[in-house]
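Structure file start-v8.txt; described as compact mmCIF, C-alpha atoms and all ligand atoms.
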# COMPACT_ATOMS: atom_id res chain seq x y z
CA MET A 755 -21.83 -9.95 3.23
CA ASN A 756 -22.12 -9.07 6.91
CA THR A 757 -20.87 -5.51 7.42
CA LYS A 758 -21.19 -5.61 11.22
CA LEU A 759 -17.71 -5.91 12.70
CA ASN A 760 -17.06 -8.72 15.19
CA GLU A 761 -15.49 -8.15 18.60
CA GLU A 762 -11.89 -8.67 17.46
CA GLN A 763 -12.30 -6.42 14.41
CA THR A 764 -13.90 -3.70 16.54
CA MET A 765 -11.07 -3.97 19.08
CA LEU A 766 -8.37 -3.69 16.39
CA LYS A 767 -10.11 -0.76 14.69
CA ASP A 768 -10.48 1.08 18.02
CA MET A 769 -6.87 0.37 18.94
CA ALA A 770 -5.65 1.68 15.56
CA ASN A 771 -7.89 4.74 15.85
CA HIS A 772 -6.52 5.51 19.33
CA PHE A 773 -2.95 5.04 18.13
CA ALA A 774 -3.61 7.28 15.12
CA GLU A 775 -5.16 10.06 17.22
CA HIS A 776 -2.61 10.04 20.04
CA GLU A 777 0.63 8.94 18.41
CA ILE A 778 0.50 9.57 14.66
CA ILE A 779 -1.48 12.79 14.16
CA PRO A 780 0.65 14.84 16.59
CA VAL A 781 3.82 14.14 14.57
CA ALA A 782 2.44 13.48 11.07
CA ARG A 783 2.85 16.90 9.50
CA GLU A 784 6.38 17.36 10.78
CA LEU A 785 7.47 13.93 9.52
CA GLU A 786 5.99 14.69 6.12
CA HIS A 787 7.48 18.18 6.00
CA ASN A 788 10.97 16.89 6.85
CA HIS A 789 10.75 13.79 4.60
CA ASP A 790 11.46 11.74 7.75
CA PHE A 791 10.87 8.02 7.75
CA PRO A 792 8.47 7.18 10.66
CA LYS A 793 10.70 4.62 12.38
CA GLU A 794 9.55 5.42 15.94
CA LEU A 795 5.92 4.94 14.92
CA ILE A 796 6.79 1.61 13.28
CA LYS A 797 8.46 0.48 16.51
CA LYS A 798 5.29 1.34 18.42
CA MET A 799 3.16 -0.46 15.82
CA ALA A 800 5.28 -3.57 16.40
CA GLU A 801 4.70 -3.27 20.17
CA LEU A 802 0.95 -3.20 19.49
CA GLY A 803 1.23 -6.29 17.27
CA ILE A 804 0.22 -4.40 14.11
CA MET A 805 3.43 -5.18 12.18
CA GLY A 806 2.66 -8.90 12.55
CA MET A 807 -0.91 -8.84 11.24
CA SER A 808 0.07 -10.99 8.22
CA VAL A 809 2.27 -13.29 10.33
CA PRO A 810 0.83 -16.47 11.92
CA GLN A 811 1.20 -16.93 15.67
CA GLU A 812 3.67 -19.81 15.26
CA TYR A 813 6.04 -17.27 13.63
CA GLY A 814 5.47 -14.61 16.27
CA GLY A 815 2.62 -12.63 14.72
CA ILE A 816 -1.06 -12.06 15.42
CA LYS A 817 -2.33 -13.12 11.95
CA THR A 818 -5.71 -11.48 11.49
CA ASP A 819 -8.30 -11.63 8.75
CA THR A 820 -8.12 -9.35 5.71
CA LEU A 821 -10.96 -7.13 6.90
CA SER A 822 -9.05 -6.33 10.11
CA MET A 823 -6.05 -5.39 7.98
CA ALA A 824 -8.23 -3.02 5.92
CA LEU A 825 -9.69 -1.46 9.07
CA VAL A 826 -6.25 -0.79 10.53
CA ILE A 827 -4.86 0.60 7.26
CA GLU A 828 -7.84 2.99 6.97
CA GLU A 829 -7.16 4.36 10.47
CA ILE A 830 -3.42 4.78 9.83
CA SER A 831 -4.00 6.41 6.45
CA ARG A 832 -6.48 8.89 7.92
CA ALA A 833 -3.62 10.05 10.14
CA LEU A 834 -0.63 9.73 7.80
CA PRO A 835 -1.14 8.20 4.33
CA ALA A 836 2.63 7.63 3.87
CA LEU A 837 2.76 5.38 6.94
CA ALA A 838 -0.18 3.38 5.57
CA VAL A 839 1.75 2.45 2.42
CA VAL A 840 4.94 1.67 4.37
CA PHE A 841 2.88 -0.70 6.51
CA SER A 842 0.82 -2.11 3.64
CA VAL A 843 3.89 -3.04 1.58
CA HIS A 844 5.62 -4.62 4.59
CA SER A 845 2.55 -6.54 5.64
CA SER A 846 0.41 -7.23 2.57
CA LEU A 847 3.25 -7.76 0.10
CA PHE A 848 6.41 -8.80 1.97
CA CYS A 849 5.02 -10.84 4.89
CA TYR A 850 2.01 -12.07 2.93
CA SER A 851 4.08 -13.42 0.04
CA ILE A 852 6.50 -15.25 2.34
CA ASN A 853 3.64 -16.69 4.35
CA GLU A 854 1.77 -17.83 1.22
CA PHE A 855 4.69 -19.09 -0.87
CA GLY A 856 7.71 -19.49 1.44
CA THR A 857 9.24 -22.65 2.86
CA HIS A 858 9.18 -23.29 6.61
CA GLU A 859 12.86 -22.23 6.71
CA GLN A 860 12.13 -18.92 4.96
CA LYS A 861 9.16 -18.23 7.24
CA LYS A 862 11.26 -19.04 10.32
CA LYS A 863 14.04 -16.75 9.13
CA TYR A 864 12.05 -13.65 8.16
CA LEU A 865 8.55 -13.59 9.65
CA PRO A 866 9.34 -13.37 13.39
CA LEU A 867 11.74 -10.48 12.73
CA ALA A 868 9.21 -8.78 10.43
CA ALA A 869 6.43 -9.09 13.04
CA GLN A 870 8.65 -7.28 15.55
CA ALA A 871 9.75 -4.69 12.95
CA LYS A 872 13.34 -5.82 13.49
CA ILE A 873 13.36 -6.04 9.72
CA LEU A 874 11.26 -4.05 7.25
CA GLY A 875 10.16 -5.59 3.96
CA ALA A 876 9.76 -4.29 0.41
CA PHE A 877 8.44 -5.63 -2.89
CA SER A 878 10.46 -5.02 -6.01
CA LEU A 879 8.69 -5.80 -9.27
CA SER A 880 8.67 -2.56 -11.32
CA GLU A 881 11.52 -1.43 -13.53
CA PRO A 882 12.21 1.72 -15.54
CA GLU A 883 10.64 0.07 -18.61
CA ALA A 884 8.31 -2.41 -16.93
CA GLY A 885 5.54 -0.78 -14.89
CA SER A 886 2.02 -1.67 -16.05
CA ASP A 887 3.56 -4.31 -18.33
CA ALA A 888 5.12 -6.00 -15.34
CA THR A 889 6.23 -9.20 -17.08
CA ALA A 890 8.39 -7.14 -19.50
CA LEU A 891 11.04 -6.84 -16.81
CA LYS A 892 14.68 -7.00 -17.87
CA THR A 893 16.39 -7.94 -14.61
CA THR A 894 17.97 -11.36 -15.05
CA CYS A 895 18.88 -14.24 -12.80
CA GLU A 896 21.49 -16.71 -13.97
CA LYS A 897 22.22 -20.04 -12.28
CA LYS A 898 25.72 -19.98 -10.75
CA GLY A 899 26.91 -22.74 -8.40
CA ASP A 900 24.42 -23.19 -5.57
CA GLY A 901 22.52 -20.04 -6.41
CA TYR A 902 21.93 -17.26 -8.91
CA LEU A 903 23.56 -14.05 -10.05
CA ILE A 904 21.08 -11.19 -10.39
CA ASN A 905 21.63 -8.20 -12.67
CA GLY A 906 19.32 -5.28 -13.37
CA ILE A 907 17.64 -2.11 -12.16
CA LYS A 908 14.42 -2.05 -10.15
CA SER A 909 12.40 1.12 -9.66
CA TRP A 910 9.64 2.63 -7.51
CA VAL A 911 10.55 0.47 -4.54
CA THR A 912 8.44 1.62 -1.60
CA ASN A 913 10.48 1.26 1.62
CA GLY A 914 13.55 0.81 -0.62
CA GLN A 915 15.73 3.03 1.52
CA ASN A 916 14.75 1.44 4.83
CA ALA A 917 14.06 -2.16 3.83
CA ASP A 918 16.19 -5.02 5.09
CA ALA A 919 14.83 -7.52 2.57
CA PHE A 920 13.02 -7.35 -0.78
CA ILE A 921 10.73 -9.74 -2.60
CA LEU A 922 12.47 -9.25 -5.92
CA PHE A 923 11.51 -10.54 -9.37
CA ALA A 924 13.94 -11.50 -12.14
CA LYS A 925 13.86 -13.49 -15.38
CA PRO A 926 16.02 -16.55 -16.04
CA LYS A 927 18.72 -15.35 -18.43
CA GLY A 928 18.24 -16.45 -22.03
CA LYS A 929 14.69 -17.80 -21.59
CA SER A 930 12.18 -16.45 -24.11
CA ASN A 931 8.86 -17.06 -22.28
CA LYS A 932 7.69 -13.57 -21.26
CA ASN A 933 5.76 -14.79 -18.24
CA LYS A 934 8.45 -16.99 -16.73
CA MET A 935 10.15 -15.22 -13.90
CA ASN A 936 11.46 -16.08 -10.46
CA ALA A 937 10.78 -14.46 -7.12
CA PHE A 938 13.62 -14.15 -4.60
CA ILE A 939 14.01 -12.87 -1.06
CA VAL A 940 17.00 -10.58 -1.52
CA GLU A 941 18.65 -9.01 1.52
CA LYS A 942 19.91 -5.46 1.59
CA ASN A 943 23.42 -6.57 2.54
CA PHE A 944 23.92 -8.95 -0.38
CA PRO A 945 26.99 -7.81 -2.33
CA GLY A 946 26.18 -5.94 -5.53
CA LEU A 947 22.90 -4.47 -4.28
CA GLU A 948 22.91 -0.71 -4.15
CA ILE A 949 20.25 1.95 -3.51
CA SER A 950 20.96 3.97 -6.63
CA LYS A 951 18.38 6.75 -6.35
CA ILE A 952 15.82 8.18 -3.91
CA GLU A 953 12.79 9.48 -5.79
CA ASP A 954 11.86 13.13 -5.24
CA LYS A 955 8.12 12.56 -5.10
CA MET A 956 5.11 14.88 -5.23
CA GLY A 957 3.69 13.48 -1.96
CA LEU A 958 3.98 10.69 0.61
CA HIS A 959 7.28 12.24 1.67
CA SER A 960 7.81 10.17 4.77
CA SER A 961 7.63 6.98 2.72
CA LEU A 962 10.97 6.77 0.95
CA THR A 963 10.83 5.32 -2.55
CA THR A 964 13.98 4.23 -4.34
CA GLU A 965 15.58 2.69 -7.34
CA ILE A 966 17.88 -0.25 -6.65
CA THR A 967 20.65 -1.60 -8.81
CA LEU A 968 21.84 -5.21 -8.76
CA ASP A 969 25.29 -5.69 -10.22
CA ASN A 970 26.28 -9.37 -10.29
CA CYS A 971 24.43 -9.81 -6.99
CA PRO A 972 24.86 -13.42 -5.80
CA VAL A 973 21.82 -14.95 -4.07
CA PRO A 974 21.76 -18.48 -2.63
CA SER A 975 19.14 -20.88 -4.03
CA SER A 976 17.53 -20.92 -0.56
CA THR A 977 16.26 -17.40 -1.36
CA LEU A 978 14.07 -18.60 -4.25
CA LEU A 979 10.45 -17.94 -3.23
CA GLY A 980 8.04 -20.58 -4.54
CA GLU A 981 8.96 -22.68 -7.53
CA GLU A 982 11.32 -21.84 -10.36
CA GLY A 983 9.21 -19.94 -12.94
CA GLN A 984 6.37 -19.17 -10.50
CA GLY A 985 7.27 -15.49 -10.12
CA ALA A 986 4.43 -14.01 -12.20
CA GLN A 987 1.79 -15.95 -10.28
CA ILE A 988 3.35 -14.90 -6.98
CA ALA A 989 3.53 -11.24 -8.03
CA PHE A 990 -0.05 -11.03 -9.29
CA ARG A 991 -1.57 -13.10 -6.49
CA CYS A 992 0.14 -10.89 -3.88
CA LEU A 993 -0.88 -7.71 -5.72
CA ASP A 994 -4.50 -8.93 -5.76
CA TYR A 995 -4.27 -9.10 -1.98
CA SER A 996 -2.35 -5.90 -1.34
CA ARG A 997 -4.68 -3.84 -3.56
CA ILE A 998 -7.27 -4.29 -0.82
CA GLY A 999 -4.77 -2.45 1.41
CA ILE A 1000 -4.39 0.37 -1.11
CA ALA A 1001 -8.18 0.61 -1.35
CA ALA A 1002 -8.26 0.93 2.46
CA GLN A 1003 -5.48 3.53 2.34
CA SER A 1004 -7.61 5.48 -0.17
CA VAL A 1005 -10.67 5.23 2.09
CA GLY A 1006 -8.66 6.56 5.04
CA LEU A 1007 -7.34 9.47 3.01
CA ALA A 1008 -10.80 10.31 1.59
CA ARG A 1009 -12.29 10.18 5.10
CA ARG A 1010 -9.74 12.69 6.34
CA CYS A 1011 -10.45 14.98 3.35
CA LEU A 1012 -14.14 14.91 4.23
CA GLU A 1013 -13.40 15.67 7.89
CA GLU A 1014 -11.15 18.59 6.93
CA ALA A 1015 -13.81 19.94 4.53
CA VAL A 1016 -16.58 19.74 7.13
CA LYS A 1017 -14.38 21.43 9.76
CA TYR A 1018 -13.37 24.25 7.42
CA SER A 1019 -16.92 24.81 6.16
CA HIS A 1020 -18.04 25.46 9.75
CA GLN A 1021 -15.24 27.98 10.30
CA ARG A 1022 -15.17 29.93 7.06
CA GLN A 1023 -17.58 32.82 6.64
CA ALA A 1024 -18.73 34.28 3.32
CA PHE A 1025 -21.61 36.60 2.55
CA GLY A 1026 -22.22 36.90 6.30
CA LYS A 1027 -22.67 33.16 6.99
CA ASN A 1028 -20.65 30.00 7.57
CA ILE A 1029 -20.11 28.46 4.15
CA SER A 1030 -21.61 25.19 5.51
CA SER A 1031 -25.00 26.88 5.19
CA PHE A 1032 -24.71 27.09 1.39
CA GLN A 1033 -26.21 24.32 -0.69
CA ALA A 1034 -23.21 24.32 -3.06
CA ILE A 1035 -21.05 23.19 -0.13
CA GLN A 1036 -23.68 20.87 1.37
CA PHE A 1037 -24.08 18.98 -1.92
CA LYS A 1038 -20.33 18.53 -2.26
CA ILE A 1039 -20.17 17.12 1.27
CA ALA A 1040 -23.12 14.80 0.61
CA ASP A 1041 -21.47 13.44 -2.54
CA MET A 1042 -18.10 13.02 -0.84
CA ALA A 1043 -19.65 11.05 2.02
CA THR A 1044 -21.68 8.84 -0.34
CA HIS A 1045 -18.67 7.98 -2.49
CA LEU A 1046 -16.60 7.33 0.63
CA ASP A 1047 -19.12 4.82 1.95
CA ALA A 1048 -19.35 3.10 -1.44
CA ALA A 1049 -15.54 2.83 -1.59
CA ARG A 1050 -15.43 1.41 1.93
CA LEU A 1051 -18.12 -1.16 1.14
CA LEU A 1052 -16.27 -2.33 -1.98
CA THR A 1053 -13.12 -2.65 0.14
CA TYR A 1054 -14.96 -4.66 2.80
CA ARG A 1055 -16.44 -6.89 0.10
CA ALA A 1056 -13.02 -7.67 -1.39
CA ALA A 1057 -11.69 -8.40 2.11
CA ASP A 1058 -14.71 -10.60 2.81
CA TYR A 1059 -14.09 -12.66 -0.37
CA SER A 1060 -10.44 -13.07 0.63
CA ASP A 1061 -11.44 -14.15 4.15
CA LYS A 1062 -13.93 -16.67 2.76
CA ASN A 1063 -11.25 -18.10 0.42
CA GLN A 1064 -13.27 -17.12 -2.65
CA PRO A 1065 -11.45 -15.74 -5.73
CA PHE A 1066 -11.07 -11.99 -5.15
CA SER A 1067 -8.96 -10.67 -8.01
CA LYS A 1068 -11.87 -8.81 -9.67
CA GLU A 1069 -13.23 -7.56 -6.35
CA SER A 1070 -9.88 -6.20 -5.17
CA ALA A 1071 -9.36 -4.48 -8.56
CA MET A 1072 -12.84 -2.90 -8.29
CA ALA A 1073 -12.18 -1.74 -4.73
CA LYS A 1074 -8.77 -0.31 -5.63
CA LEU A 1075 -10.11 1.40 -8.76
CA PHE A 1076 -13.13 2.99 -7.12
CA ALA A 1077 -11.51 3.88 -3.79
CA SER A 1078 -8.39 5.46 -5.33
CA GLU A 1079 -10.45 7.53 -7.76
CA THR A 1080 -12.78 8.51 -4.92
CA ALA A 1081 -9.81 9.64 -2.84
CA ASN A 1082 -8.66 11.86 -5.71
CA LYS A 1083 -12.12 13.35 -6.28
CA THR A 1084 -12.66 13.87 -2.56
CA ALA A 1085 -9.30 15.59 -2.19
CA TYR A 1086 -10.18 17.85 -5.15
CA GLU A 1087 -13.59 18.83 -3.71
CA ALA A 1088 -12.27 19.26 -0.18
CA LEU A 1089 -9.57 21.58 -1.49
CA GLN A 1090 -12.22 23.46 -3.52
CA ILE A 1091 -14.20 24.02 -0.31
CA HIS A 1092 -11.06 25.50 1.26
CA GLY A 1093 -10.83 27.96 -1.64
CA GLY A 1094 -7.47 29.73 -2.01
CA TYR A 1095 -6.39 28.59 1.46
CA GLY A 1096 -6.48 24.99 0.24
CA TYR A 1097 -3.59 25.84 -2.07
CA SER A 1098 -1.47 26.88 0.89
CA LYS A 1099 0.74 24.48 2.83
CA GLU A 1100 -0.76 26.00 5.99
CA PHE A 1101 -3.79 23.71 5.54
CA TYR A 1102 -3.53 19.93 5.71
CA ILE A 1103 -5.73 19.49 2.64
CA GLU A 1104 -2.83 20.63 0.43
CA GLN A 1105 -0.81 17.58 1.54
CA LEU A 1106 -3.76 15.21 1.21
CA TYR A 1107 -4.37 16.45 -2.34
CA ARG A 1108 -0.77 15.59 -3.30
CA ASP A 1109 -0.78 12.28 -1.41
CA ALA A 1110 -3.99 11.18 -3.12
CA ARG A 1111 -2.51 11.43 -6.61
CA VAL A 1112 -0.39 8.29 -6.40
CA LEU A 1113 -3.26 6.04 -5.27
CA SER A 1114 -4.55 5.54 -8.81
CA LEU A 1115 -0.99 4.87 -10.03
CA TYR A 1116 0.82 2.45 -7.76
CA GLU A 1117 -0.01 -1.25 -7.32
CA GLY A 1118 -1.58 -1.06 -10.78
CA THR A 1119 -2.98 2.09 -12.41
CA SER A 1120 -6.73 2.60 -12.76
CA GLU A 1121 -6.37 1.49 -16.38
CA ILE A 1122 -4.75 -1.80 -15.26
CA GLN A 1123 -7.57 -2.36 -12.74
CA ARG A 1124 -10.07 -1.92 -15.59
CA ILE A 1125 -8.14 -4.49 -17.66
CA ILE A 1126 -8.29 -6.98 -14.78
CA ILE A 1127 -12.02 -6.38 -14.17
CA SER A 1128 -13.01 -6.59 -17.83
CA ARG A 1129 -10.91 -9.74 -18.41
CA HIS A 1130 -12.91 -11.45 -15.64
CA LEU A 1131 -16.19 -10.35 -17.18
CA LEU A 1132 -15.33 -11.17 -20.77
CA LYS A 1133 -13.41 -14.44 -20.41
N1 LIG A 1201 -3.08 -14.49 -9.75
C1 LIG A 1201 -2.19 -15.45 -10.05
N2 LIG A 1201 -1.60 -15.57 -11.27
C2 LIG A 1201 -1.93 -14.65 -12.19
C3 LIG A 1201 -2.84 -13.60 -11.94
C4 LIG A 1201 -3.44 -13.55 -10.65
N3 LIG A 1201 -4.32 -12.60 -10.35
N4 LIG A 1201 -2.94 -12.84 -13.05
C5 LIG A 1201 -2.13 -13.38 -13.97
N5 LIG A 1201 -1.51 -14.48 -13.45
C6 LIG A 1201 -0.55 -15.35 -14.12
C7 LIG A 1201 -1.09 -15.86 -15.45
O1 LIG A 1201 -1.79 -17.07 -15.31
C8 LIG A 1201 0.16 -16.01 -16.28
O2 LIG A 1201 0.82 -17.22 -15.95
P1 LIG A 1201 0.99 -18.38 -17.08
O3 LIG A 1201 1.77 -17.79 -18.21
O4 LIG A 1201 1.71 -19.47 -16.34
O5 LIG A 1201 -0.41 -18.75 -17.45
C9 LIG A 1201 1.08 -14.90 -15.77
O6 LIG A 1201 0.61 -14.57 -14.45
C10 LIG A 1201 1.03 -13.65 -16.62
O7 LIG A 1201 -0.33 -13.27 -16.73
P2 LIG A 1201 -0.90 -12.50 -18.00
O8 LIG A 1201 -0.52 -13.23 -19.26
O9 LIG A 1201 -2.33 -12.23 -17.73
O10 LIG A 1201 -0.03 -11.17 -17.94
P3 LIG A 1201 -0.11 -9.85 -18.76
O11 LIG A 1201 1.26 -9.52 -19.25
O12 LIG A 1201 -1.24 -9.88 -19.74
O13 LIG A 1201 -0.39 -8.74 -17.61
C11 LIG A 1201 -1.58 -7.45 -16.00
C12 LIG A 1201 -1.46 -8.76 -16.77
C13 LIG A 1201 -2.85 -7.57 -15.22
C14 LIG A 1201 -1.66 -6.25 -16.89
C15 LIG A 1201 -0.34 -7.33 -15.03
O14 LIG A 1201 0.84 -7.10 -15.76
C16 LIG A 1201 -0.49 -6.26 -13.98
O15 LIG A 1201 -1.15 -6.45 -12.97
N6 LIG A 1201 0.23 -5.12 -14.17
C17 LIG A 1201 0.34 -4.10 -13.14
C18 LIG A 1201 1.55 -4.35 -12.31
C19 LIG A 1201 1.46 -3.70 -10.96
O16 LIG A 1201 0.43 -3.67 -10.31
N7 LIG A 1201 2.60 -3.18 -10.51
C20 LIG A 1201 2.68 -2.62 -9.22
C21 LIG A 1201 4.09 -2.69 -8.78
S1 LIG A 1201 4.30 -3.02 -7.08
C22 LIG A 1201 3.99 -1.58 -6.28
O17 LIG A 1201 3.51 -0.61 -6.79
C23 LIG A 1201 4.23 -1.73 -4.83
C24 LIG A 1201 4.68 -0.52 -4.18
O18 LIG A 1201 5.84 -0.39 -3.91
C25 LIG A 1201 3.64 0.46 -3.71
Take the structure I supplied and represent it as structure tokens, if you would.
Amino acid sequence: MNTKLNEEQTMLKDMANHFAEHEIIPVARELEHNHDFPKELIKKMAELGIMGMSVPQEYGGIKTDTLSMALVIEEISRALPALAVVFSVHSSLFCYSINEFGTHEQKKKYLPLAAQAKILGAFSLSEPEAGSDATALKTTCEKKGDGYLINGIKSWVTNGQNADAFILFAKPKGKSNKNKMNAFIVEKNFPGLEISKIEDKMGLHSSLTTEITLDNCPVPSSTLLGEEGQGAQIAFRCLDYSRIGIAAQSVGLARRCLEEAVKYSHQRQAFGKNISSFQAIQFKIADMATHLDAARLLTYRAADYSDKNQPFSKESAMAKLFASETANKTAYEALQIHGGYGYSKEFYIEQLYRDARVLSLYEGTSEIQRIIISRHLLK
């Protein structure tokens, strides 16, 4: 694997870094504090082309390789982790799944608007009783006339409050095969769809996560994504891809934790010296930086496999597992270096510590990643 970035990747990374420094960081803490959705930032990301990174040029995007996507997500996450997941779900789940599995008509309808952020996308697989066991979902779709009627409750929908369209999974009513489900592109304005709850989360406050209820929601058959019964393959294939984005989000968050720890260790005095002069702090910083680089390299490797069209399910699970756990450990150690001040909302590390916690939960818990990795090794 070549880890030297090419010209286009370097340009995108620099652009995202500049945007993060000058546009995101100045407003990030206020957005998070007020639980405000970052719609102005998303508009600016569309102007820069970022919102169309999973959209081919013929549909109005700038379709880049997976590594570029990871580079951009790392930069955004370093500035505001909540914005990174808003973007990752829109791009790596919503746009990606339509581009991979959609018809020309579906691509023409949704992708140009998504690339310009005129619509925001979401991905709705989980349910109150179907999280890790994703195929245990209870939402049903029943053939009715030229379409389907969907009934059920979906939970933990990132972007749920602000999304205009959802990739939504449901099971054909009355069918007993656990794995047979359908994927649909369901629009927010379809009758019977209601945002039934906004989650009061521990972190990532400017990314709004919701429950949605579908009560006899009619969807035309033109909204079926892929083939009838192909839903599980679509869900898991897209999650394989988007986990590279969550790994990159974790790398960005861990990098910021390290930066905050280094900065604080130069400022804080104890026993007559800056605490950066103590080996206890130096060793923590050395370990944090080493784990961060290892997480980034695993993320780049998964992206590289995806870009070379090699199977990457195991590699993306490894990257997501290691990077999300690294982000949590790095947030813990960075907060430890801040001492009691790290427990105060006055310091940014307090927010990073809370934001890190979800990384080893969503898009498949660490335990699910281990299942995926070990299945590949033992099959
Ligand atoms: N690619 C394509 N197809 C795949 C696949 C993959 N990587 N993995 C499995 N499949 C297919 C299988 O071939 C099977 O199809 P057939 O029956 O036709 O053969 C079907 O999908 C079901 O596969 P399994 O029998 O392996 O399924 P399982 O019930 O044993 O579960 C699992 C496997 C890995 C545990 C899976 O359930 C899983 O990944 N769970 C975690 C779910 C998850 O990540 N949820 C995140 C929600 S989205 C979210 O968080 C987004 C957000 O908003 C931030």
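Relative to atom CA of Ile1091 of chain A, atom CA of Ala824 of chain A is found at 28.4 Å.
Every protein, DNA or RNA residue with an atom at most 10 Å from Phe773 of chain A, where all atoms listed in the file count and chain neighbours fewer than 2 positions away do not, is listed here: A:Lys767, A:Asp768, A:Met769, A:Ala770, A:Asn771, A:Glu775, A:His776, A:Glu777, A:Ile778, A:Ile779, A:Leu795, A:Lys798, A:Met799, A:Leu802, A:Glu829, A:Ile830, A:Ala833.
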Write as a PDB file with C-alpha atoms, keeping the file's coordinate frame the residues around ligand LIG 1201 (chain A), taking 6 Å as the cut-off and counting all atoms listed in the file.
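Written file, selection-v4.pdb:
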ATOM      1  CA  PHE A 877       8.440  -5.630  -2.890  1.00  0.00           C
ATOM      2  CA  LEU A 879       8.690  -5.800  -9.270  1.00  0.00           C
ATOM      3  CA  SER A 880       8.670  -2.560 -11.320  1.00  0.00           C
ATOM      4  CA  GLY A 885       5.540  -0.780 -14.890  1.00  0.00           C
ATOM      5  CA  SER A 886       2.020  -1.670 -16.050  1.00  0.00           C
ATOM      6  CA  ASP A 887       3.560  -4.310 -18.330  1.00  0.00           C
ATOM      7  CA  ALA A 888       5.120  -6.000 -15.340  1.00  0.00           C
ATOM      8  CA  THR A 889       6.230  -9.200 -17.080  1.00  0.00           C
ATOM      9  CA  VAL A 911      10.550   0.470  -4.540  1.00  0.00           C
ATOM     10  CA  THR A 912       8.440   1.620  -1.600  1.00  0.00           C
ATOM     11  CA  ASN A 933       5.760 -14.790 -18.240  1.00  0.00           C
ATOM     12  CA  ALA A 986       4.430 -14.010 -12.200  1.00  0.00           C
ATOM     13  CA  GLN A 987       1.790 -15.950 -10.280  1.00  0.00           C
ATOM     14  CA  PHE A 990      -0.050 -11.030  -9.290  1.00  0.00           C
ATOM     15  CA  ARG A 991      -1.570 -13.100  -6.490  1.00  0.00           C
ATOM     16  CA  ASP A 994      -4.500  -8.930  -5.760  1.00  0.00           C
ATOM     17  CA  SER A1067      -8.960 -10.670  -8.010  1.00  0.00           C
ATOM     18  CA  TYR A1116       0.820   2.450  -7.760  1.00  0.00           C
ATOM     19  CA  GLU A1117      -0.010  -1.250  -7.320  1.00  0.00           C
ATOM     20  CA  GLY A1118      -1.580  -1.060 -10.780  1.00  0.00           C
ATOM     21  CA  ILE A1122      -4.750  -1.800 -15.260  1.00  0.00           C
ATOM     22  CA  ILE A1126      -8.290  -6.980 -14.780  1.00  0.00           C
TER      23      ILE A1126
END
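The list of residues with at least one atom within 10 Å of Val1112 of chain A, based on only C-alpha atoms and without residues fewer than 6 positions apart in the same chain, reads Lys955, Met956, Gly957, Leu958, Ser1004, Ser1078, Asn1082 and Thr1119 of chain A.
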>> Which residues are close to Ala836 of chain A, i.e. within 12 Å by all atoms listed in the file, leaving aside same-chain residues fewer than 4 positions away? Reply as number ranges by chain.
In response: A: 778, 782-783, 785-787, 789-792, 795-796, 827-828, 830-832, 840-843, 912-913, 955-963, 1000, 1003-1004, 1006-1007, 1105-1106, 1108-1110, 1112-1113
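Comparing the minimum interatomic distances between Ala1002 of chain A and each of A:Gln1123, A:Ser846, A:Ser975, A:Ser808, counting only C-alpha atoms, we find that A:Ser846 sits nearest.
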Would you fill out segment 931-940 of chain A with N, CA and C atoms and return it as a tab-separated table (two decimals), keeping the file's coordinate frame?
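Contents of selection-v8.tsv, freshly written:
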chain	number	residue	atom	x	y	z
A	931	ASN	N	10.25	-17.17	-22.74
A	931	ASN	CA	8.86	-17.06	-22.28
A	931	ASN	C	8.68	-15.82	-21.41
A	932	LYS	N	7.86	-14.87	-21.91
A	932	LYS	CA	7.69	-13.57	-21.26
A	932	LYS	C	7.22	-13.70	-19.80
A	933	ASN	N	6.36	-14.69	-19.57
A	933	ASN	CA	5.76	-14.79	-18.24
A	933	ASN	C	6.61	-15.54	-17.22
A	934	LYS	N	7.68	-16.18	-17.68
A	934	LYS	CA	8.45	-16.99	-16.73
A	934	LYS	C	9.45	-16.14	-15.98
A	935	MET	N	9.18	-15.94	-14.73
A	935	MET	CA	10.15	-15.22	-13.90
A	935	MET	C	10.23	-15.90	-12.54
A	936	ASN	N	11.27	-15.53	-11.80
A	936	ASN	CA	11.46	-16.08	-10.46
A	936	ASN	C	11.28	-14.98	-9.42
A	937	ALA	N	10.84	-15.39	-8.25
A	937	ALA	CA	10.78	-14.46	-7.12
A	937	ALA	C	11.85	-14.87	-6.11
A	938	PHE	N	12.56	-13.89	-5.58
A	938	PHE	CA	13.62	-14.15	-4.60
A	938	PHE	C	13.40	-13.28	-3.36
A	939	ILE	N	13.94	-13.75	-2.24
A	939	ILE	CA	14.01	-12.87	-1.06
A	939	ILE	C	15.46	-12.37	-1.01
A	940	VAL	N	15.64	-11.12	-1.41
A	940	VAL	CA	17.00	-10.58	-1.52
A	940	VAL	C	17.24	-9.64	-0.34
